[in-house]
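A.B. asks: Can you keep this structure in mind? I'll have questions shortly.
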Amino acid sequence: MATRKNFRTRARVLLAFFVIGLFALVLRLGFVQFVRGPALTRLAIAQWMGGATVDLRRGSIYDRHGRELAVSAEVEVIVARPAKILKPREAARQLAAVLSVPEDAIYERLTRRQRQVVVARQVTESQTAAVRALALSGIHFEIETARFYPYGRLASHILGFVGIDGQGLGGVEFSYDSVLRGTPKKTRIPANAQGNHVPNTGSEHVPLVDGHSIVLTIDEVIQHTVERELDIAMTKHQAQAALAVAMDPKTGEILAMANLPSFNPNQFSSYPKALWRNTAVSDNFEPGSTFKLVTAAAALNEGVVTETDRFQCPGYVIVAGVRIACWRAGGHGSLNFSEIMDRSCNPGFVAVGQRLGQEVLFRYITEFGFGRRTGVDLPGEGAGIMFRQVGPVELATTSFGQGPAVTPLQQVTAIAAIANGGYLMRPRLVRQVRDRAGAVVASFTPEEVARPVTRETARRLSALLESAVVHGSGRNTFISGLRVAGKTGTAQVPRPEGGYFPDRYIASFIGFAPADDPRVALLVMVRDPSGPYGFFGSQVAAPAFRAMMGDILRHLNVEHVDGAPSELRPSLIVMPELIGLTTTAAVTHMRDLGLNVKMEQIGAKVVNQAPPPGAKVSAGSTVVLSLGEPPLLATSAIVPDIRGLTMREASLRIERLGLRIVIEGTGVAVQQEPPPGVQVALGTGVRVRFRP
């Protein structure tokens with residue numbers, strides 16, 4: 001009886017398992033049939049439907065005047081059907097000989113378990129003819145489009161490039177890939193496992209959607225001008241890299257953007273990936289003195305300074321126990337704010353920054369667009385790096401452009417806001433999108449982002465920047481008959497572990513012209529100049545800026561302005577005595593006078609000069625200094641009487657004798673120790689007290 005009961009229990013359990021399993025199978029069948037059915041159907045059709053894909057011609061890219069910068073053309077592709085290749089090793093050997101591709105690589109493709117594989121793309125006409133002559137079974141040809149850049153390297157960082165699969169991989173090609181690419185036309189026909197078409201069956205067609213073309217804001221002529229002058233500057237100054245950005249300040253449209261070294265997008269894979277980076281957009285740099293325009297704009301707009309306010313520059317300033325030096329040994333003495341701009345005096349800007357205070361200065365930095373992306377239509381844009389914690393020292397260094405890191409594009413956008421009357425515009429690279437027939441599908445209008453300063457403040461700052469070109473460190477950008485405004489910059493390159501390299505610099509100049517009705521805002525940066533002409537922005541970047549701006553304005557048919565200066569004054573400069581000065585002192589002195597310097601040989605002091613002392617030369621002329629170590633005919637020197645002299649005069653006289661000057665106060669020399677006439681060892685420090 002118990003045995004029969006146990007049997008019935010086991011039967012019921014087995015029946016329950018059977019019913020549950022059957023129910024689960026029904027649920028699974030329903031899920032596959034009704035939920036996954038459409039997707040599985042598409043996969044099944046894809047397995048037994050073969051055919052051809054007809055690629056569209058990718059939309060062209062034009063400059064603002066309709067010149068073709070990127071176009072597409074039809075090319076043949078060598079394709080294989082592995083199932084139809086009878087002797088894959090022999091076929092791979094023959095193809096490798098024609099295509100100059102490793103035999104094993106081709107053999108691997110010919111033996112894949114796929115219906116169709118691509119053997120080679122973008123082959124030459126001679127290679128195509130040679131493969132056809134082989135008459136290999138399973139090898140055929142299809143048509144696809146390839147990308148070509150008629151101007152080669154020109155604007156390569158703006159345009160980017162396209163991969164072999166037709167996808168944009170950089171620049172505008174990447175940003176607007178979906179607009180340029182479109183949807184290709186596909187024809188699908190049933191095929192068996194060997195890839196042969198099944199007769200008496202229908203075909204399936206997927207209609208194409210045309211890709212659109214793009215009209216950029218850049219001007220091919222201006223782009224060519226910028227790249228040509230950057231190449232000249234790099235060669236002349238033996239620099240590692242250079243970049244430039246030109247913008248229409250009224251609209252924010254980018255007229256040119258260049259980085260050197262560059263690459264040819266027609267053979268992009270032949271270049272290191274590091275050269276693909278658009279450093280003008282993606283990389284952060286310490287701006288140096290070009291950043292002073294933000295401090296000046298904030299001070300004028302807040303009313304904490306006027307053009308005639310006076311400041312003292314003894315050659316350094318002490319902030320929270322840290323000594324911050326002026327670029328000029330011995331300082332500038334008493335200067336008004338306009339002269340501080342002209343001579344790019346660091347201690348003067350520290351004083352202005354302290355008047356503004358941390359909160360106000362950094363508010364203006366933000367309003368000018370620093371610390372955030374501009375929104376330009378290019379990939380990989382950087383946002384810049386600002387101080388996370390700001391103390392007295394950080395406030396001081398920020399006021400003259402040391403510490404924060406910004407992108408070149410941010411700098412151009414900021415000075416464009418000064419040029420156009422106080423409107424921060426979003427930079428833009430694309431003007432229009434057009435269809436195949438040339439009809440405008442979309443157009444982009446100027447976009448105002450912020451108003452950091454008033455029109456009156458912008459006018460006053462423009463006048464100061466114009467004065468810096470006529471009277472100050474920007475003299476090498478002067479263009480006769482045109483009003484140019486701008487600012488030099490010389491920034492040290494920071495070390496990764498902290499501090500700065502003692503012999504690496506970024507020379508820059510940023511400005512706009514004509515100053516009274518700006519048409520172009522332009523930034524020029526040269527990295528690591530190492531030639532004989534020095535490393536200051538006034539010596540390296542300013543001449544390149546002048547050459548670019550002059551040609552750009554002529555191209556834009558900008559006429560000379562009535563009332564604009566035709567020459568710099570004073571037109572002639574009397575050459576001072578430089579022999580015996582240290583290299584730094586001599587270069588600084590020449591920079592103050594608006595002269596260029598070419599250094600020959602290697603050494604710490606000037607042993608000869610041309611033109612000689614007393615000669616009269618034009619502003620902007622080049623002075624040749626021979627460097628070396630003059631023979632020490634004596635080990636001591638007589639302390640000169642420098643009472644009544646200015647800081648500059650006292651510094652030059654003492655250094656020329658091989659002595660050092662120790663400065664106290666500002667103004668003119670009233671007391672010195674040791675006194676005049678005392679014989680001291682070379683290198684002895686002479687302490688000089690100055691009073692206004």
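Residue numbers start at 1 in each chain; chains themselves are named A, B, ... in the order of the structure tokens; ligands are numbered from 1 in the order shown.
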Residues of stretch 239-417 of chain A classed as strand (DSSP E or B) by DSSP on the backbone are to be reported as a ChimeraX atom specification.

C.D. replies: /A:241-247,253-260,285,310-313,316-319,322-325,333-336,385,405-406

A.B. asks: Quick one: residues within 6 Å of stretch 401-416 of chain A, only C-alpha atoms, excluding same-chain residues fewer than 3 positions away - as an MDAnalysis selection string?

C.D. replies: chainID A and resid 249 280:281 283:289 291 368 384:386 397:398 419 521

A.B. asks: Using N, CA and C atoms, can you write the selected residues to a file as a PDB file, in the first residue's frame?

C.D. replies:
```pdb
ATOM      1  N   PRO A 249      36.178  90.496 -35.046  1.00  0.00           N
ATOM      2  CA  PRO A 249      35.740  90.788 -33.681  1.00  0.00           C
ATOM      3  C   PRO A 249      34.269  91.160 -33.571  1.00  0.00           C
ATOM      4  N   ALA A 280      45.458  75.312 -30.715  1.00  0.00           N
ATOM      5  CA  ALA A 280      44.818  76.615 -30.527  1.00  0.00           C
ATOM      6  C   ALA A 280      43.491  76.487 -29.795  1.00  0.00           C
ATOM      7  N   VAL A 281      42.911  75.292 -29.812  1.00  0.00           N
ATOM      8  CA  VAL A 281      41.607  75.062 -29.176  1.00  0.00           C
ATOM      9  C   VAL A 281      41.726  74.157 -27.961  1.00  0.00           C
ATOM     10  N   ASP A 283      44.726  73.032 -26.143  1.00  0.00           N
ATOM     11  CA  ASP A 283      45.806  73.111 -25.164  1.00  0.00           C
ATOM     12  C   ASP A 283      45.736  74.390 -24.333  1.00  0.00           C
ATOM     13  N   ASN A 284      46.234  74.278 -23.090  1.00  0.00           N
ATOM     14  CA  ASN A 284      46.258  75.419 -22.173  1.00  0.00           C
ATOM     15  C   ASN A 284      47.681  75.948 -22.048  1.00  0.00           C
ATOM     16  N   PHE A 285      47.821  77.265 -22.051  1.00  0.00           N
ATOM     17  CA  PHE A 285      49.115  77.913 -21.915  1.00  0.00           C
ATOM     18  C   PHE A 285      49.015  79.028 -20.879  1.00  0.00           C
ATOM     19  N   GLU A 286      50.107  79.262 -20.157  1.00  0.00           N
ATOM     20  CA  GLU A 286      50.159  80.476 -19.345  1.00  0.00           C
ATOM     21  C   GLU A 286      50.285  81.654 -20.297  1.00  0.00           C
ATOM     22  N   PRO A 287      49.392  82.628 -20.222  1.00  0.00           N
ATOM     23  CA  PRO A 287      49.353  83.674 -21.249  1.00  0.00           C
ATOM     24  C   PRO A 287      50.442  84.717 -21.129  1.00  0.00           C
ATOM     25  N   GLY A 288      50.964  84.945 -19.920  1.00  0.00           N
ATOM     26  CA  GLY A 288      51.926  86.025 -19.768  1.00  0.00           C
ATOM     27  C   GLY A 288      51.248  87.382 -19.866  1.00  0.00           C
ATOM     28  N   SER A 289      51.979  88.363 -20.399  1.00  0.00           N
ATOM     29  CA  SER A 289      51.519  89.747 -20.357  1.00  0.00           C
ATOM     30  C   SER A 289      50.295  90.023 -21.220  1.00  0.00           C
ATOM     31  N   PHE A 291      47.647  88.675 -20.890  1.00  0.00           N
ATOM     32  CA  PHE A 291      46.527  88.564 -19.956  1.00  0.00           C
ATOM     33  C   PHE A 291      46.296  89.877 -19.200  1.00  0.00           C
ATOM     34  N   PHE A 368      35.005  87.441 -19.060  1.00  0.00           N
ATOM     35  CA  PHE A 368      35.702  87.464 -20.339  1.00  0.00           C
ATOM     36  C   PHE A 368      35.826  86.074 -20.954  1.00  0.00           C
ATOM     37  N   GLY A 384      40.668  75.674 -19.946  1.00  0.00           N
ATOM     38  CA  GLY A 384      41.611  76.480 -19.193  1.00  0.00           C
ATOM     39  C   GLY A 384      41.689  76.010 -17.745  1.00  0.00           C
ATOM     40  N   ILE A 385      42.668  76.540 -17.015  1.00  0.00           N
ATOM     41  CA  ILE A 385      42.883  76.148 -15.622  1.00  0.00           C
ATOM     42  C   ILE A 385      43.061  77.416 -14.793  1.00  0.00           C
ATOM     43  N   MET A 386      42.210  77.587 -13.808  1.00  0.00           N
ATOM     44  CA  MET A 386      42.303  78.722 -12.899  1.00  0.00           C
ATOM     45  C   MET A 386      42.752  78.244 -11.516  1.00  0.00           C
ATOM     46  N   THR A 397      50.216  87.380  -9.062  1.00  0.00           N
ATOM     47  CA  THR A 397      50.724  86.792 -10.304  1.00  0.00           C
ATOM     48  C   THR A 397      49.646  86.718 -11.379  1.00  0.00           C
ATOM     49  N   THR A 398      48.403  86.483 -10.965  1.00  0.00           N
ATOM     50  CA  THR A 398      47.317  86.452 -11.941  1.00  0.00           C
ATOM     51  C   THR A 398      47.155  87.802 -12.619  1.00  0.00           C
ATOM     52  N   ALA A 419      37.828  94.991 -28.725  1.00  0.00           N
ATOM     53  CA  ALA A 419      37.825  95.631 -30.040  1.00  0.00           C
ATOM     54  C   ALA A 419      36.420  96.054 -30.479  1.00  0.00           C
ATOM     55  N   ALA A 521      40.907  90.637 -35.279  1.00  0.00           N
ATOM     56  CA  ALA A 521      41.625  90.401 -34.024  1.00  0.00           C
ATOM     57  C   ALA A 521      42.547  89.214 -34.266  1.00  0.00           C
TER      58      ALA A 521
END
```

A.B. asks: If we count only C-alpha atoms and set the cut-off at 9 Å, which residues sit around A:Val558, ignoring sequence neighbours fewer than 6 positions away in its own chain? Please answer as a list of chain:residue names.

C.D. replies: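 What passes the distance filter is A:Pro514, A:Arg519, A:Ile552.
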
A.B. asks: Kindly indicate which residue among A:Asp528, A:Glu456, A:Asp165, A:Glu664 lies nearest to A:Glu302, using only C-alpha atoms for the distances.

C.D. replies: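 Among the listed residues, A:Glu456 lies closest to A:Glu302.
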
A.B. asks: Might you pull out every residue within 8 Å of stretch 143-150 of chain A, with only C-alpha atoms counted and same-chain residues fewer than 4 positions away left off, and present them as a list in words?

C.D. replies: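 Counting only C-alpha atoms, the residues come to Val54, Asp55, Leu56, Arg57, Arg58, Glu68, Leu69, Ala70, Val71, Ser72, Ala73, Glu74, Val75, Glu76, Val77, Gln122, Val162, Ile164, Gly166, Pro265 and Asn266 of chain A.
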
A.B. asks: Could you pull the residues within 10 Å of stretch 124-135 of chain A, counting only C-alpha atoms, minus those fewer than 2 positions along the same chain, as a PyMOL selection string?

C.D. replies: chain A and resi 75-78+91+94-95+97-100+121-122+137-141

A.B. asks: Report as a ChimeraX atom specification all protein, DNA and RNA residues lying within 8 Å of A:Asp377, evaluated on only C-alpha atoms, omitting residues in the same chain fewer than 2 positions from it.

C.D. replies: /A:172,175,375,379,428-430

A.B. asks: Nearest residue to A:Pro532 out of A:Lys236, A:Val117, A:Ala610, A:Asp104, using only C-alpha atoms?

C.D. replies: A:Lys236

A.B. asks: Need the shell around A:His560: protein/DNA/RNA residues with any atom at most 12 Å away, counting only C-alpha atoms. Skip same-chain ones fewer than 5 positions apart. Format as a ChimeraX atom specification?

C.D. replies: /A:479-484,513-517,550,553-554,565-566

A.B. asks: With distances taken over only C-alpha atoms, which of A:Trp276, A:Phe690, A:Asn608, A:Gly685 is nearest to A:Ile642?

C.D. replies: A:Phe690

A.B. asks: Atom CA of A:Val670 and atom CA of A:Glu577 are how many Å apart?

C.D. replies: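 Going from atom CA of A:Val670 over to atom CA of A:Glu577 covers 24.2 Å.
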
A.B. asks: Which of these, A:Gly580, A:Gly66, A:Gly472, A:Gly369, has the shortest distance to A:Pro427 once you count only C-alpha atoms?

C.D. replies: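 Closest residue, counting only C-alpha atoms: A:Gly369.
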
A.B. asks: Which of these, A:Met257, A:Val350, A:Ala96, A:Val469, has the shortest distance to A:Leu523 once you count only C-alpha atoms?

C.D. replies: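 Closest to A:Leu523 of all the choices is A:Met257.
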
A.B. asks: Between atom CA of A:Gln672 and atom CA of A:Phe311, what is the spacing in Å?

C.D. replies: 23.8 Å

A.B. asks: Please, which residues of stretch 96-313 of chain A, numbered as in this document, come out helix (DSSP H, G or I) from DSSP, as a PyMOL selection string?

C.D. replies: chain A and resi 96-99+103-110+125-134+156-159+171-175+177-181+220-237+265-270+273-276+279-282+288-302

A.B. asks: In terms of the shortest atom-to-atom distance over only C-alpha atoms, which of A:Arg687, A:Arg228, A:Arg112, A:Lys598 is closest to A:Ala669?

C.D. replies: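 For A:Ala669, the nearest of the candidates is A:Arg687.
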